[in-house]
Each structure stands twice: as structure tokens, then as C-alpha cells.
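Structure file model_10.cif (mmCIF, C-alpha atoms and all ligand atoms) is printed below.
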```cif
data_run
#
loop_
_atom_site.label_atom_id
_atom_site.label_comp_id
_atom_site.auth_asym_id
_atom_site.auth_seq_id
_atom_site.Cartn_x
_atom_site.Cartn_y
_atom_site.Cartn_z
CA MET A 1272 14.62 -11.29 16.32
CA ALA A 1273 15.18 -10.04 19.86
CA LEU A 1274 11.89 -8.13 19.92
CA ASN A 1275 9.80 -10.99 18.51
CA PRO A 1276 10.44 -13.84 20.97
CA SER A 1277 7.34 -15.80 19.98
CA GLN A 1278 8.53 -15.66 16.36
CA LYS A 1279 5.34 -14.32 14.87
CA ARG A 1280 5.33 -14.06 11.10
CA VAL A 1281 6.52 -10.64 9.98
CA LEU A 1282 4.63 -8.26 7.69
CA ALA A 1283 6.36 -5.09 6.47
CA VAL A 1284 3.95 -2.38 5.30
CA ILE A 1285 5.54 0.48 3.40
CA GLY A 1286 3.32 3.56 3.35
CA VAL A 1287 1.43 3.56 6.63
CA GLY A 1288 -1.04 6.41 6.96
CA PRO A 1289 -4.62 6.47 8.22
CA GLY A 1290 -6.08 4.76 5.11
CA ILE A 1291 -5.15 1.40 3.58
CA GLY A 1292 -1.75 1.29 5.33
CA GLU A 1293 -3.18 1.38 8.83
CA ALA A 1294 -6.09 -0.92 7.96
CA VAL A 1295 -3.91 -3.71 6.51
CA SER A 1296 -1.45 -3.39 9.39
CA ARG A 1297 -4.26 -3.72 11.93
CA HIS A 1298 -5.85 -6.66 10.09
CA PHE A 1299 -2.66 -8.71 9.81
CA ALA A 1300 -1.73 -7.93 13.45
CA GLU A 1301 -5.15 -9.23 14.55
CA LYS A 1302 -4.41 -12.42 12.61
CA GLY A 1303 -1.17 -12.96 14.55
CA PHE A 1304 1.48 -11.11 12.53
CA TYR A 1305 4.17 -8.80 13.87
CA VAL A 1306 3.90 -5.71 11.67
CA ALA A 1307 6.74 -3.34 10.74
CA LEU A 1308 5.12 0.04 10.02
CA ILE A 1309 7.08 2.18 7.55
CA ALA A 1310 6.53 5.82 6.53
CA ARG A 1311 8.05 9.27 7.20
CA THR A 1312 5.79 10.85 9.83
CA GLU A 1313 6.97 9.64 13.23
CA ASP A 1314 4.08 10.97 15.34
CA ARG A 1315 1.49 9.23 13.23
CA LEU A 1316 3.49 5.99 13.08
CA ARG A 1317 3.86 5.99 16.88
CA GLN A 1318 0.14 6.54 17.34
CA ILE A 1319 -0.76 3.68 14.96
CA GLN A 1320 1.86 1.40 16.56
CA ASP A 1321 0.56 2.08 20.07
CA SER A 1322 -3.03 1.63 19.07
CA ILE A 1323 -2.34 -1.74 17.36
CA ASN A 1324 -0.31 -2.97 20.34
CA GLU A 1325 -3.03 -1.92 22.75
CA ALA A 1326 -5.76 -3.60 20.69
CA ASN A 1327 -3.84 -6.89 20.55
CA GLY A 1328 -2.74 -6.91 24.15
CA ASN A 1329 0.82 -7.82 23.14
CA PRO A 1330 3.61 -6.36 20.97
CA SER A 1331 2.46 -6.75 17.37
CA ALA A 1332 3.71 -3.56 15.70
CA ARG A 1333 6.88 -1.50 15.57
CA TYR A 1334 7.54 1.54 13.44
CA TYR A 1335 10.54 2.44 11.30
CA VAL A 1336 10.79 6.01 10.03
CA THR A 1337 11.95 5.83 6.41
CA ASP A 1338 11.76 7.85 3.21
CA VAL A 1339 11.41 5.21 0.50
CA ARG A 1340 12.85 7.52 -2.15
CA ASP A 1341 16.27 6.88 -0.60
CA GLU A 1342 17.63 3.35 -1.17
CA THR A 1343 20.11 3.54 1.72
CA GLN A 1344 17.31 4.33 4.17
CA VAL A 1345 15.28 1.39 2.83
CA ILE A 1346 18.25 -1.00 3.15
CA ASN A 1347 18.95 0.17 6.72
CA THR A 1348 15.29 -0.19 7.69
CA PHE A 1349 15.05 -3.76 6.41
CA ALA A 1350 18.32 -4.67 8.17
CA ALA A 1351 16.84 -3.30 11.42
CA ILE A 1352 13.55 -5.20 10.89
CA LYS A 1353 15.43 -8.45 10.36
CA LYS A 1354 17.51 -7.88 13.50
CA ASP A 1355 14.51 -6.84 15.64
CA LEU A 1356 11.72 -9.07 14.33
CA GLY A 1357 13.18 -11.64 11.91
CA PRO A 1358 12.90 -12.12 8.14
CA VAL A 1359 9.92 -10.56 6.36
CA HIS A 1360 7.28 -13.08 5.31
CA VAL A 1361 4.88 -10.61 3.65
CA LEU A 1362 5.69 -7.22 2.09
CA ILE A 1363 2.94 -4.75 1.24
CA TYR A 1364 4.08 -1.82 -0.87
CA ASN A 1365 1.39 0.78 -0.27
CA ALA A 1366 3.30 4.09 -0.45
CA GLY A 1367 1.83 6.34 -3.10
CA SER A 1368 1.75 10.03 -3.78
CA ARG A 1369 0.23 12.37 -6.34
CA ARG A 1370 -0.64 16.02 -6.87
CA LEU A 1371 -4.08 17.02 -5.65
CA ARG A 1372 -4.19 20.02 -7.99
CA PRO A 1373 -3.35 18.79 -11.50
CA ARG A 1374 -0.48 20.25 -13.55
CA THR A 1375 0.28 19.51 -17.19
CA ILE A 1376 3.61 17.90 -17.93
CA LEU A 1377 4.82 21.26 -19.29
CA GLU A 1378 4.15 22.79 -15.88
CA THR A 1379 5.68 19.90 -13.93
CA PRO A 1380 9.28 20.41 -12.82
CA THR A 1381 11.44 17.39 -13.58
CA GLU A 1382 12.45 17.14 -9.91
CA GLU A 1383 8.79 16.85 -8.89
CA PHE A 1384 8.15 14.17 -11.52
CA GLU A 1385 11.19 12.21 -10.30
CA SER A 1386 10.17 12.52 -6.66
CA PHE A 1387 6.69 11.07 -7.36
CA VAL A 1388 8.10 8.24 -9.49
CA ARG A 1389 10.55 7.42 -6.69
CA ILE A 1390 7.68 7.07 -4.20
CA ASN A 1391 5.28 5.28 -6.53
CA MET A 1392 7.79 2.84 -8.01
CA PHE A 1393 11.48 2.99 -7.01
CA GLY A 1394 10.75 2.39 -3.32
CA ALA A 1395 9.06 -0.89 -4.29
CA LEU A 1396 12.15 -2.05 -6.16
CA PHE A 1397 14.41 -1.11 -3.23
CA ALA A 1398 12.18 -2.98 -0.77
CA ALA A 1399 11.69 -6.05 -2.97
CA LYS A 1400 15.48 -6.37 -3.30
CA CYS A 1401 15.74 -6.39 0.50
CA VAL A 1402 13.14 -9.11 1.17
CA LEU A 1403 13.35 -11.47 -1.83
CA PRO A 1404 16.61 -13.25 -0.86
CA ASP A 1405 15.18 -14.39 2.51
CA MET A 1406 11.87 -15.38 0.90
CA VAL A 1407 13.64 -17.43 -1.77
CA ALA A 1408 15.82 -19.08 0.90
CA VAL A 1409 12.73 -20.53 2.62
CA GLY A 1410 10.75 -21.04 -0.61
CA GLU A 1411 7.80 -18.85 0.38
CA GLY A 1412 6.72 -15.25 0.73
CA THR A 1413 4.09 -12.80 -0.48
CA ILE A 1414 4.53 -9.33 -1.99
CA LEU A 1415 1.42 -7.20 -2.53
CA PHE A 1416 1.47 -3.89 -4.40
CA THR A 1417 -1.14 -1.14 -4.12
CA GLY A 1418 -2.06 0.25 -7.52
CA ALA A 1419 -4.69 2.74 -8.62
CA THR A 1420 -6.80 3.61 -11.66
CA ALA A 1421 -3.62 5.39 -12.76
CA SER A 1422 -1.84 2.01 -12.97
CA ILE A 1423 -3.52 1.41 -16.32
CA ARG A 1424 -4.76 4.89 -17.38
CA GLY A 1425 -2.51 7.86 -18.07
CA SER A 1426 -4.33 10.45 -16.02
CA PRO A 1427 -3.98 14.04 -17.24
CA GLY A 1428 -2.37 16.42 -14.76
CA LEU A 1429 -0.87 13.72 -12.56
CA GLY A 1430 2.75 13.76 -13.75
CA GLY A 1431 4.74 11.15 -11.89
CA PHE A 1432 1.67 9.32 -10.59
CA SER A 1433 0.57 7.29 -13.63
CA PRO A 1434 4.18 6.74 -14.79
CA GLY A 1435 5.15 5.48 -11.32
CA LYS A 1436 2.02 3.36 -10.90
CA PHE A 1437 2.41 1.86 -14.41
CA GLY A 1438 5.98 0.96 -13.48
CA LEU A 1439 4.88 -0.55 -10.18
CA ARG A 1440 2.44 -2.78 -12.05
CA ALA A 1441 5.22 -3.87 -14.43
CA LEU A 1442 7.49 -4.59 -11.46
CA SER A 1443 4.80 -6.79 -9.89
CA GLN A 1444 4.52 -8.76 -13.15
CA MET A 1445 8.30 -9.12 -13.42
CA ILE A 1446 8.61 -10.34 -9.84
CA THR A 1447 5.86 -12.87 -10.54
CA ARG A 1448 7.61 -14.12 -13.67
CA GLU A 1449 11.03 -14.26 -12.03
CA PHE A 1450 10.09 -15.62 -8.59
CA GLN A 1451 6.71 -17.38 -8.65
CA GLY A 1452 8.43 -20.68 -9.47
CA LYS A 1453 10.51 -20.19 -6.30
CA GLY A 1454 7.44 -20.03 -4.06
CA ILE A 1455 6.88 -16.26 -4.06
CA HIS A 1456 3.35 -14.94 -4.62
CA ALA A 1457 3.34 -11.37 -5.98
CA ALA A 1458 0.05 -9.60 -6.68
CA HIS A 1459 -1.01 -6.12 -7.76
CA VAL A 1460 -4.24 -4.55 -6.51
CA ILE A 1461 -5.85 -1.92 -8.74
CA VAL A 1462 -7.70 0.34 -6.32
CA ASP A 1463 -10.05 1.79 -8.91
CA GLY A 1464 -11.54 4.88 -7.28
CA PRO A 1465 -11.39 6.91 -4.08
CA VAL A 1466 -10.79 5.35 -0.68
CA GLN A 1467 -12.42 6.79 2.42
CA SER A 1468 -9.36 8.16 4.13
CA ASP A 1469 -7.86 11.54 4.98
CA ILE A 1470 -6.74 12.93 1.67
CA ILE A 1471 -8.55 11.78 -1.49
CA GLY A 1472 -11.61 10.38 0.33
CA GLY A 1473 -11.69 13.45 2.57
CA PHE A 1474 -11.56 15.72 -0.47
CA VAL A 1475 -14.46 13.86 -2.16
CA LYS A 1476 -16.47 13.91 1.08
CA SER A 1477 -16.07 17.66 1.60
CA ARG A 1478 -17.16 18.23 -2.03
CA TRP A 1479 -20.35 16.27 -1.31
CA GLU A 1480 -20.91 18.20 1.90
CA LYS A 1481 -20.64 21.51 0.05
CA ALA A 1482 -22.96 20.25 -2.70
CA GLY A 1483 -25.51 18.94 -0.14
CA GLU A 1484 -25.23 15.36 -1.48
CA THR A 1485 -26.84 13.87 1.63
CA GLU A 1486 -27.68 10.51 0.00
CA LYS A 1487 -24.00 9.90 -0.73
CA LEU A 1488 -22.97 10.98 2.75
CA LYS A 1489 -25.44 8.52 4.30
CA GLU A 1490 -24.14 5.53 2.30
CA MET A 1491 -20.46 6.26 1.91
CA ASP A 1492 -19.54 2.62 1.33
CA ARG A 1493 -21.53 2.57 -1.91
CA TYR A 1494 -19.26 5.32 -3.27
CA LEU A 1495 -15.94 5.15 -1.41
CA MET A 1496 -13.86 2.06 -0.77
CA GLN A 1497 -13.51 1.38 2.93
CA PRO A 1498 -9.92 0.76 4.14
CA LYS A 1499 -11.01 -2.12 6.40
CA ASP A 1500 -12.73 -3.86 3.47
CA LEU A 1501 -9.60 -3.41 1.35
CA ALA A 1502 -7.59 -4.93 4.20
CA GLY A 1503 -9.76 -8.03 3.85
CA ILE A 1504 -8.85 -8.19 0.15
CA TYR A 1505 -5.12 -8.13 0.98
CA TRP A 1506 -5.66 -10.92 3.53
CA TYR A 1507 -7.57 -12.91 0.90
CA LEU A 1508 -4.64 -12.58 -1.52
CA TYR A 1509 -2.17 -13.59 1.17
CA THR A 1510 -4.17 -16.68 2.15
CA GLN A 1511 -4.83 -17.97 -1.39
CA PRO A 1512 -3.81 -21.59 -1.87
CA ARG A 1513 -0.79 -21.89 -4.16
CA SER A 1514 -2.84 -23.79 -6.76
CA THR A 1515 -4.89 -20.61 -7.38
CA TRP A 1516 -2.77 -17.49 -7.03
CA THR A 1517 -4.10 -14.16 -8.32
CA GLN A 1518 -1.55 -11.90 -10.02
CA GLU A 1519 -3.85 -8.90 -10.38
CA LEU A 1520 -7.13 -7.94 -8.82
CA ASP A 1521 -9.19 -4.79 -9.39
CA VAL A 1522 -11.64 -3.42 -6.85
CA ARG A 1523 -14.05 -0.50 -6.72
CA ALA A 1524 -17.09 0.64 -4.74
CA GLU A 1525 -20.57 -0.33 -5.97
CA ARG A 1526 -21.32 3.09 -7.54
CA GLU A 1527 -17.84 3.74 -8.94
CA GLN A 1528 -17.60 4.15 -12.70
CA MET A 1529 -15.10 1.38 -13.57
CA PHE A 1530 -12.63 3.94 -14.94
CA SER A 1531 -9.79 1.48 -15.11
CA LYS A 1532 -11.79 -1.05 -17.12
CA LEU A 1533 -14.37 0.46 -19.44
N1 LIG A 1601 -6.78 7.22 -1.13
C1 LIG A 1601 -7.32 6.95 -2.30
O1 LIG A 1601 -8.41 7.43 -2.64
C2 LIG A 1601 -6.61 5.98 -3.23
C3 LIG A 1601 -7.24 5.61 -4.42
C4 LIG A 1601 -6.58 4.71 -5.28
C5 LIG A 1601 -5.33 4.22 -4.94
N2 LIG A 1601 -4.75 4.63 -3.77
C6 LIG A 1601 -3.42 4.11 -3.44
O2 LIG A 1601 -3.50 3.46 -2.18
C7 LIG A 1601 -2.30 3.63 -1.45
C8 LIG A 1601 -2.61 4.10 -0.07
O3 LIG A 1601 -3.37 5.27 -0.11
P1 LIG A 1601 -4.11 5.85 1.18
O4 LIG A 1601 -4.67 7.17 0.76
O5 LIG A 1601 -4.98 4.82 1.78
O6 LIG A 1601 -2.86 6.20 2.10
P2 LIG A 1601 -2.41 5.57 3.51
O7 LIG A 1601 -2.39 4.10 3.39
O8 LIG A 1601 -3.19 6.23 4.57
O9 LIG A 1601 -0.93 6.12 3.63
C9 LIG A 1601 0.06 5.97 2.67
C10 LIG A 1601 1.28 6.58 3.25
O10 LIG A 1601 2.38 6.47 2.35
C11 LIG A 1601 3.38 7.26 2.94
N3 LIG A 1601 4.40 7.74 2.03
C12 LIG A 1601 4.26 8.64 1.03
N4 LIG A 1601 5.46 8.96 0.54
C13 LIG A 1601 6.37 8.23 1.24
C14 LIG A 1601 7.78 8.17 1.23
N5 LIG A 1601 8.51 8.93 0.40
N6 LIG A 1601 8.39 7.33 2.10
C15 LIG A 1601 7.67 6.59 2.96
N7 LIG A 1601 6.33 6.62 3.04
C16 LIG A 1601 5.70 7.45 2.18
C17 LIG A 1601 2.67 8.50 3.54
O11 LIG A 1601 3.10 8.68 4.90
P3 LIG A 1601 4.24 9.77 5.23
O12 LIG A 1601 3.81 11.04 4.57
O13 LIG A 1601 4.24 9.80 6.71
O14 LIG A 1601 5.52 9.25 4.66
C18 LIG A 1601 1.20 8.07 3.53
O15 LIG A 1601 0.54 8.38 4.72
C19 LIG A 1601 -1.42 4.57 -2.29
O16 LIG A 1601 -0.49 3.81 -3.00
C20 LIG A 1601 -2.41 5.22 -3.23
O17 LIG A 1601 -1.82 5.61 -4.46
C21 LIG A 1601 -5.36 5.48 -2.91
#
```
Let me see whether you can do it: turn the structure in this file into C-alpha cells.
Ligand SMILES: NC(=O)c1ccc[n+]([C@@H]2O[C@H](COP(=O)([O-])OP(=O)(O)OC[C@H]3O[C@@H](n4cnc5c(N)ncnc54)[C@H](OP(=O)(O)O)[C@@H]3O)[C@@H](O)[C@H]2O)c1
Amino acid sequence: MALNPSQKRVLAVIGVGPGIGEAVSRHFAEKGFYVALIARTEDRLRQIQDSINEANGNPSARYYVTDVRDETQVINTFAAIKKDLGPVHVLIYNAGSRRLRPRTILETPTEEFESFVRINMFGALFAAKCVLPDMVAVGEGTILFTGATASIRGSPGLGGFSPGKFGLRALSQMITREFQGKGIHAAHVIVDGPVQSDIIGGFVKSRWEKAGETEKLKEMDRYLMQPKDLAGIYWYLYTQPRSTWTQELDVRAEREQMFSKL
């Protein structure tokens, strides 16, 4: 806890990139949390860490380079977070990965399938095993999982994405069943459509630019979920009173087609 002398509550975000990961980290830091930022790309993590610390005028973020596919790395990272900042009060499992160019399962090498499932699901199990004992010891804690349309729809061409996201959803339900009575709130967010961030949102945006879809470009928030608005949803889940805990919540932009539901 040496680096968190004022004993701020600790949020660990796994999967911090420029989209949802950065937005939730920033939001919780503004609300007084110390945020452990976890991903693989050190330059980007350092930039996000520095920017959050600068915005808050005091140390509120620290990064930990980790590949969540590797359980030993996850265990070492959570041991370091506990030593530096203290026990984790909120865990957000946001790491996710998928192919941009679809491949059928016959074209998908088994190693690639396994790698995606490790990111989309196994990392969440590894991390939950690290934080649950401390949460149970104090009788409170929150674990939020980022899902996708693929959490409840087997999407063609995305080997390893839907299977991993389905499994992540099941894990969130199991954690709820096993630990809710011990004060732990676990919730799964189905992000049902594209988010305006670098990769998927950027891909959709450049398609619109090429097609001259100026209306869509003018009102992006009608079509693409905004990371800062999603961050507000995660905060809402975290702050729910214990008499009314949500286990699963689905969100989409106004003009999205409700793929996950209808
Ligand atoms: N973007 C969308 O349109 C969209 C739509 C529906 C659902 N989602 C879900 O929302 C979540 C966040 O998506 P986002 O696009 O907003 O991304 P983001 O929060 O900007 O970043 C997520 C980060 O996860 C990290 N990650 C991937 N593999 C990892 C690994 N093996 N170990 C550690 N970190 C890893 C990546 O960073 P490194 O490469 O540096 O490790 C990536 O930047 C994902 O779970 C995604 O499936 C996104």
C-alpha cells in the first residue's frame, strides 16, 4: 500500500486501451479511486496513466504490463497491486479480442482459437481468483465484465470470440451465484454494437466516410456507443444499492439494431 498513502479505494481494469478501458479508468479516478491499469502495450499504458494523474492533480493511476493469457503474469500483477496500492475493491474485466476479417472455423487454427478464448475468458477467471479472497474477507467488492453481442449470439467467422464471450457471461453468473451472498456484486454488460474507439468504431467510421454517410458522421452518438457514456454505466452498476443489484445489463446506441435481443 506504499504508493497509496491516502488509502483510496482500488479499481483494477484489465484491458486498458483507448476505448472503454481508458474511459472507465478515467471515470473511477475522477470519483476518487486509485486505478491499476492492465494491458500489454507499455507506451499506451504510460500515456493513459500520466494523463489520468495529470487530470486529477494527484497519483490516481499506475500501470502494470500483463498478458492475461498467462496465469502466472496475472498472479504476479495482482500481488504487485496489493503491495503497491492495497486490496482491489472493484475489478473490471474489459480485455477482449477478435478477428477483424472473419474466418470460418475450418480456416481457424486451433492455436488462434485458444488464444482468443484465453483473452476473452480465461484471463477473467485468473483475475477473479486473485481478487475474490480479499473481497470475501471484507464482505464487499464488485466485479464487472465487458461482454458483446457475441456473448449471446454465435457470430459466424469470429472463432474464439463468441465462445470466449459466452464463457465470460457464464463465469459472471457463476460468480454471482457463488459469491453474491458473501457481499460480492458481479455484473455482465452486453455491449450490443460498435463502440466509438480505435478499432471497431474506427473501422465503421472509415466505412461511412468512404460511403459519404455524412448524416451518420454528424451524429455519431446515435450510431456508436461513446466510451465515456459506457463508463457512466459501469459507475451506475458499481454504485447500485445492495437491495437492487443488476446481474446483467445490455446497452446499445439509439440507431443500433438490437442484434443481441431480437
Ligand atoms: N469496440 C467495440 O466496438 C466493442 C463492441 C462490443 C464489445 N466490445 C468489448 O468491449 C471491450 C473493450 O473494447 P474496446 O474496443 O473499447 O477496447 P479498449 O477498452 O480500448 O481496450 C481493450 C484492451 O484490451 C487489451 N488486451 C487485449 N488482449 C490482451 C491480453 N492478452 N492481455 C492484456 N490485455 C489485453 C488490449 O490492449 P493491449 O493490446 O495493449 O494488451 C486492448 O487495448 C472488449 O472486451 C470488447 O470485446 C467492444
Site check for ligand LIG 1601 (chain A): residues at most 7 Å away, only C-alpha atoms and all ligand atoms, as a PDB file with C-alpha atoms, keeping the file's coordinate frame:
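What follows is the written file part-v7.pdb:
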```pdb
ATOM      1  CA  ILE A1285       5.540   0.480   3.400  1.00  0.00           C
ATOM      2  CA  GLY A1286       3.320   3.560   3.350  1.00  0.00           C
ATOM      3  CA  VAL A1287       1.430   3.560   6.630  1.00  0.00           C
ATOM      4  CA  GLY A1288      -1.040   6.410   6.960  1.00  0.00           C
ATOM      5  CA  PRO A1289      -4.620   6.470   8.220  1.00  0.00           C
ATOM      6  CA  GLY A1290      -6.080   4.760   5.110  1.00  0.00           C
ATOM      7  CA  ILE A1291      -5.150   1.400   3.580  1.00  0.00           C
ATOM      8  CA  GLY A1292      -1.750   1.290   5.330  1.00  0.00           C
ATOM      9  CA  GLU A1293      -3.180   1.380   8.830  1.00  0.00           C
ATOM     10  CA  ILE A1309       7.080   2.180   7.550  1.00  0.00           C
ATOM     11  CA  ALA A1310       6.530   5.820   6.530  1.00  0.00           C
ATOM     12  CA  ARG A1311       8.050   9.270   7.200  1.00  0.00           C
ATOM     13  CA  THR A1312       5.790  10.850   9.830  1.00  0.00           C
ATOM     14  CA  THR A1337      11.950   5.830   6.410  1.00  0.00           C
ATOM     15  CA  ASP A1338      11.760   7.850   3.210  1.00  0.00           C
ATOM     16  CA  VAL A1339      11.410   5.210   0.500  1.00  0.00           C
ATOM     17  CA  ARG A1340      12.850   7.520  -2.150  1.00  0.00           C
ATOM     18  CA  ASN A1365       1.390   0.780  -0.270  1.00  0.00           C
ATOM     19  CA  ALA A1366       3.300   4.090  -0.450  1.00  0.00           C
ATOM     20  CA  GLY A1367       1.830   6.340  -3.100  1.00  0.00           C
ATOM     21  CA  SER A1368       1.750  10.030  -3.780  1.00  0.00           C
ATOM     22  CA  ILE A1390       7.680   7.070  -4.200  1.00  0.00           C
ATOM     23  CA  ASN A1391       5.280   5.280  -6.530  1.00  0.00           C
ATOM     24  CA  THR A1417      -1.140  -1.140  -4.120  1.00  0.00           C
ATOM     25  CA  GLY A1418      -2.060   0.250  -7.520  1.00  0.00           C
ATOM     26  CA  ALA A1419      -4.690   2.740  -8.620  1.00  0.00           C
ATOM     27  CA  THR A1420      -6.800   3.610 -11.660  1.00  0.00           C
ATOM     28  CA  VAL A1462      -7.700   0.340  -6.320  1.00  0.00           C
ATOM     29  CA  ASP A1463     -10.050   1.790  -8.910  1.00  0.00           C
ATOM     30  CA  GLY A1464     -11.540   4.880  -7.280  1.00  0.00           C
ATOM     31  CA  PRO A1465     -11.390   6.910  -4.080  1.00  0.00           C
ATOM     32  CA  VAL A1466     -10.790   5.350  -0.680  1.00  0.00           C
ATOM     33  CA  GLN A1467     -12.420   6.790   2.420  1.00  0.00           C
ATOM     34  CA  SER A1468      -9.360   8.160   4.130  1.00  0.00           C
ATOM     35  CA  ASP A1469      -7.860  11.540   4.980  1.00  0.00           C
ATOM     36  CA  ILE A1470      -6.740  12.930   1.670  1.00  0.00           C
ATOM     37  CA  ILE A1471      -8.550  11.780  -1.490  1.00  0.00           C
ATOM     38  CA  GLY A1472     -11.610  10.380   0.330  1.00  0.00           C
ATOM     39  CA  PRO A1498      -9.920   0.760   4.140  1.00  0.00           C
TER      40      PRO A1498
END
```
Notebook entry, point to check: Which is closest to A:Ala1300 among A:Ser1322, A:Ser1277, A:Ser1331, A:Gln1344, if we use only C-alpha atoms?
Noted result: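 Using only C-alpha atoms, A:Ala1300 sits closest to A:Ser1331.
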Check: Which one is closest to A:Met1529: A:Ile1423, A:Cys1401, A:Glu1486, A:Asp1341? Count all atoms listed in the file.
Finding: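 Closest candidate: A:Ile1423.
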Margin query: What does the structure give for the distance between atom CA of A:Phe1397 and atom CA of A:Tyr1507, in Å to one decimal?
Written below: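 The value is 25.3 Å.
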Note to self: I'd like to know which of A:Gly1435, A:Arg1523, A:Ser1386, A:Ile1414 is closest to A:Ile1461, using only C-alpha atoms.
What the structure shows: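 Distance minimum relative to A:Ile1461 lands on A:Arg1523.
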Next item on the list: Skip stretch 1448-1452 of chain A itself and residues of its chain fewer than 5 positions away, then list as a PyMOL selection string all residues within 12 Å of it, counting all atoms listed in the file.
Entry: chain A and resi 1399-1400+1403-1404+1406-1408+1410-1414+1441-1443+1457-1458+1513-1514+1516-1518
